[in-house]
Every structure is written in C-alpha cells, then in structure tokens.
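Chemist: Input structure: run-v3.tsv, which contains TSV, C-alpha atoms.
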chain	number	residue	atom	x	y	z
A	1	MET	CA	108.92	70.50	164.59
A	2	ARG	CA	108.11	74.13	164.53
A	3	GLY	CA	110.40	76.50	166.38
A	4	LEU	CA	113.43	74.22	166.59
A	5	ASP	CA	115.17	75.75	163.58
A	6	GLU	CA	117.84	78.42	163.68
A	7	ARG	CA	118.77	80.69	160.81
A	8	ARG	CA	121.67	82.95	159.94
A	9	TRP	CA	122.37	84.63	156.65
A	10	ILE	CA	125.79	84.87	155.04
A	11	THR	CA	124.97	88.31	153.66
A	12	THR	CA	122.25	90.85	154.27
A	13	LYS	CA	122.78	92.56	150.90
A	14	ARG	CA	120.83	90.01	148.90
A	15	GLY	CA	119.05	86.73	149.41
A	16	ALA	CA	120.58	83.45	148.32
A	17	PRO	CA	119.33	82.06	144.98
A	18	ALA	CA	119.06	78.58	146.54
A	19	TYR	CA	118.68	76.99	149.96
A	20	ILE	CA	119.65	73.64	151.48
A	21	ILE	CA	117.56	72.06	154.20
A	22	ILE	CA	119.11	69.18	156.15
A	23	TYR	CA	116.86	66.82	158.08
A	24	ALA	CA	117.07	63.24	159.28
A	25	LYS	CA	119.18	61.42	156.68
A	26	LYS	CA	118.00	63.66	153.86
A	27	MET	CA	118.70	67.03	152.35
A	28	ALA	CA	116.50	69.20	150.18
A	29	ILE	CA	117.90	71.72	147.73
A	30	ILE	CA	115.48	74.49	146.80
A	31	SER	CA	116.17	76.93	143.98
A	32	LEU	CA	114.21	80.13	143.60
A	33	SER	CA	115.34	80.87	140.04
A	34	GLN	CA	113.02	82.52	137.55
A	35	GLY	CA	110.55	83.40	140.31
A	36	ARG	CA	109.40	79.81	140.81
A	37	PRO	CA	110.69	77.30	143.37
A	38	HIS	CA	112.31	74.10	142.12
A	39	SER	CA	113.50	71.43	144.53
A	40	VAL	CA	115.07	68.05	144.85
A	41	VAL	CA	115.25	65.79	147.92
A	42	ILE	CA	118.28	63.53	148.32
A	43	GLU	CA	117.94	60.59	150.69
A	44	ASP	CA	121.55	59.75	151.49
A	45	ALA	CA	122.93	59.71	155.03
A	46	GLY	CA	126.49	60.42	153.87
A	47	LEU	CA	125.55	63.46	151.81
A	48	ALA	CA	123.29	64.80	154.56
A	49	GLU	CA	126.07	64.38	157.14
A	50	THR	CA	128.59	66.13	154.88
A	51	GLN	CA	126.23	69.07	154.38
A	52	LYS	CA	125.67	69.20	158.15
A	53	LEU	CA	129.44	69.34	158.76
A	54	ILE	CA	129.77	72.19	156.23
A	55	PHE	CA	126.82	74.01	157.81
A	56	ASP	CA	128.19	73.64	161.34
A	57	SER	CA	131.58	74.94	160.25
A	58	LEU	CA	130.06	78.03	158.61
A	59	TRP	CA	127.63	78.55	161.52
A	60	ASN	CA	130.53	78.60	164.01
A	61	LYS	CA	132.44	81.01	161.80
A	62	LEU	CA	129.44	83.38	161.59
A	63	ALA	CA	128.88	83.13	165.34
A	64	SER	CA	132.44	84.25	166.05
A	65	GLU	CA	132.18	87.40	163.90
Please re-express this file's structure in structure tokens.

Modeler:
Amino acid sequence: MRGLDERRWITTKRGAPAYIIIYAKKMAIISLSQGRPHSVVIEDAGLAETQKLIFDSLWNKLASE
C-alpha cells in the first residue's frame, strides 16, 4: 500500500550499501553493490519478526535523538 511506509536514515553522510524490507511474514534484502541491485526474499515468519524487533528498537532510538 502506497504511503503507509515510514523511513529514517541512520546517517546522512552516505547511503547504506544494502536495505532490508519487512512485509507480511517475509523480508527482502536488497544490495546495491557494483551499481546493480541484487536481492533475495526470505519467507520465514520468525526471521521477519526478528528483523521487525531490531527495526523497532533502532527506530525508537533514532526518534529519541
């Protein structure tokens, strides 16, 4: 759904070399190395939930700065 996402960056000095997208019971890891995107989708509820917990923890930390 468009417009329901929120984004924050850990640093403004440089972009991250890879991104993780968490959705439903899946996560996608996208690497932008060598100027071309490479990705993998992992369909595992446990891994997706763990990544969500890590994301939420970092998001709250960034929000409090």

Chemist: With distances taken over only C-alpha atoms, which of A:Leu53, A:Trp59, A:Ser64, A:Ala48 is nearest to Ala24 in chain A?

Modeler: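 Once distances to Ala24 in chain A are computed over only C-alpha atoms, the minimum belongs to A:Ala48.
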
Chemist: In file coordinates, which residues lie within 12 Å of (112.2, 70.3, 144.2) using all atoms listed in the file, given as number ranges by chain?

Modeler: A: 18-21, 27-33, 36-42

Chemist: Restricting the calculation to only C-alpha atoms, which member of A:Thr50, A:Pro17, A:Glu65, A:Asp56 is positioned closest to Gln34 in chain A?

Modeler: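 Result for the nearest residue to Gln34 in chain A: A:Pro17.
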
Chemist: Missing atoms in range 11-43 of chain A should be modelled up to N, CA and C atoms and reported as an mmCIF file, in the coordinates of the input.

Modeler:
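The new file selection04.cif reads:
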data_model
loop_
_atom_site.group_PDB
_atom_site.id
_atom_site.type_symbol
_atom_site.label_atom_id
_atom_site.label_comp_id
_atom_site.auth_asym_id
_atom_site.auth_seq_id
_atom_site.Cartn_x
_atom_site.Cartn_y
_atom_site.Cartn_z
ATOM 1 N N THR A 11 124.936 86.896 154.010
ATOM 2 C CA THR A 11 124.970 88.310 153.660
ATOM 3 C C THR A 11 123.586 88.918 153.827
ATOM 4 N N THR A 12 123.536 90.172 154.163
ATOM 5 C CA THR A 12 122.250 90.850 154.270
ATOM 6 C C THR A 12 121.974 91.696 153.031
ATOM 7 N N LYS A 13 122.934 91.740 152.093
ATOM 8 C CA LYS A 13 122.780 92.560 150.900
ATOM 9 C C LYS A 13 121.788 91.963 149.907
ATOM 10 N N ARG A 14 121.758 90.658 149.822
ATOM 11 C CA ARG A 14 120.830 90.010 148.900
ATOM 12 C C ARG A 14 120.551 88.598 149.395
ATOM 13 N N GLY A 15 119.408 88.083 149.012
ATOM 14 C CA GLY A 15 119.050 86.730 149.410
ATOM 15 C C GLY A 15 119.772 85.705 148.555
ATOM 16 N N ALA A 16 119.928 84.523 149.064
ATOM 17 C CA ALA A 16 120.580 83.450 148.320
ATOM 18 C C ALA A 16 119.646 82.956 147.211
ATOM 19 N N PRO A 17 120.185 82.570 146.062
ATOM 20 C CA PRO A 17 119.330 82.060 144.980
ATOM 21 C C PRO A 17 118.862 80.621 145.224
ATOM 22 N N ALA A 18 119.454 79.953 146.221
ATOM 23 C CA ALA A 18 119.060 78.580 146.540
ATOM 24 C C ALA A 18 119.289 78.314 148.019
ATOM 25 N N TYR A 19 118.585 77.345 148.545
ATOM 26 C CA TYR A 19 118.680 76.990 149.960
ATOM 27 C C TYR A 19 118.853 75.485 150.092
ATOM 28 N N ILE A 20 119.497 75.064 151.171
ATOM 29 C CA ILE A 20 119.650 73.640 151.480
ATOM 30 C C ILE A 20 119.042 73.407 152.848
ATOM 31 N N ILE A 21 118.169 72.440 152.928
ATOM 32 C CA ILE A 21 117.560 72.060 154.200
ATOM 33 C C ILE A 21 118.038 70.652 154.525
ATOM 34 N N ILE A 22 118.581 70.476 155.730
ATOM 35 C CA ILE A 22 119.110 69.180 156.150
ATOM 36 C C ILE A 22 118.201 68.636 157.242
ATOM 37 N N TYR A 23 117.726 67.422 157.073
ATOM 38 C CA TYR A 23 116.860 66.820 158.080
ATOM 39 C C TYR A 23 116.975 65.306 158.009
ATOM 40 N N ALA A 24 116.921 64.690 159.174
ATOM 41 C CA ALA A 24 117.070 63.240 159.280
ATOM 42 C C ALA A 24 118.275 62.797 158.461
ATOM 43 N N LYS A 25 118.093 61.888 157.553
ATOM 44 C CA LYS A 25 119.180 61.420 156.680
ATOM 45 C C LYS A 25 118.949 61.908 155.256
ATOM 46 N N LYS A 26 118.360 63.102 155.158
ATOM 47 C CA LYS A 26 118.000 63.660 153.860
ATOM 48 C C LYS A 26 118.446 65.111 153.778
ATOM 49 N N MET A 27 118.486 65.613 152.563
ATOM 50 C CA MET A 27 118.700 67.030 152.350
ATOM 51 C C MET A 27 117.836 67.464 151.165
ATOM 52 N N ALA A 28 117.287 68.641 151.261
ATOM 53 C CA ALA A 28 116.500 69.200 150.180
ATOM 54 C C ALA A 28 117.230 70.432 149.668
ATOM 55 N N ILE A 29 117.308 70.558 148.359
ATOM 56 C CA ILE A 29 117.900 71.720 147.730
ATOM 57 C C ILE A 29 116.767 72.444 147.005
ATOM 58 N N ILE A 30 116.593 73.715 147.352
ATOM 59 C CA ILE A 30 115.480 74.490 146.800
ATOM 60 C C ILE A 30 116.054 75.703 146.073
ATOM 61 N N SER A 31 115.732 75.811 144.803
ATOM 62 C CA SER A 31 116.170 76.930 143.980
ATOM 63 C C SER A 31 114.997 77.861 143.750
ATOM 64 N N LEU A 32 115.268 79.148 143.818
ATOM 65 C CA LEU A 32 114.210 80.130 143.600
ATOM 66 C C LEU A 32 114.433 80.883 142.287
ATOM 67 N N SER A 33 115.041 80.224 141.320
ATOM 68 C CA SER A 33 115.340 80.870 140.040
ATOM 69 C C SER A 33 114.076 81.108 139.233
ATOM 70 N N GLN A 34 114.113 82.153 138.459
ATOM 71 C CA GLN A 34 113.020 82.520 137.550
ATOM 72 C C GLN A 34 111.695 82.711 138.286
ATOM 73 N N GLY A 35 111.755 83.090 139.555
ATOM 74 C CA GLY A 35 110.550 83.400 140.310
ATOM 75 C C GLY A 35 109.702 82.214 140.736
ATOM 76 N N ARG A 36 110.155 81.001 140.423
ATOM 77 C CA ARG A 36 109.400 79.810 140.810
ATOM 78 C C ARG A 36 110.318 78.863 141.567
ATOM 79 N N PRO A 37 109.832 78.240 142.631
ATOM 80 C CA PRO A 37 110.690 77.300 143.370
ATOM 81 C C PRO A 37 110.814 75.962 142.634
ATOM 82 N N HIS A 38 112.018 75.433 142.629
ATOM 83 C CA HIS A 38 112.310 74.100 142.120
ATOM 84 C C HIS A 38 113.072 73.390 143.226
ATOM 85 N N SER A 39 112.808 72.118 143.433
ATOM 86 C CA SER A 39 113.500 71.430 144.530
ATOM 87 C C SER A 39 113.783 69.987 144.188
ATOM 88 N N VAL A 40 114.735 69.459 144.946
ATOM 89 C CA VAL A 40 115.070 68.050 144.850
ATOM 90 C C VAL A 40 115.388 67.579 146.270
ATOM 91 N N VAL A 41 114.950 66.379 146.613
ATOM 92 C CA VAL A 41 115.250 65.790 147.920
ATOM 93 C C VAL A 41 116.192 64.613 147.685
ATOM 94 N N ILE A 42 117.294 64.604 148.422
ATOM 95 C CA ILE A 42 118.280 63.530 148.320
ATOM 96 C C ILE A 42 118.263 62.744 149.614
ATOM 97 N N GLU A 43 117.962 61.467 149.523
ATOM 98 C CA GLU A 43 117.940 60.590 150.690
ATOM 99 C C GLU A 43 119.244 59.808 150.728
#
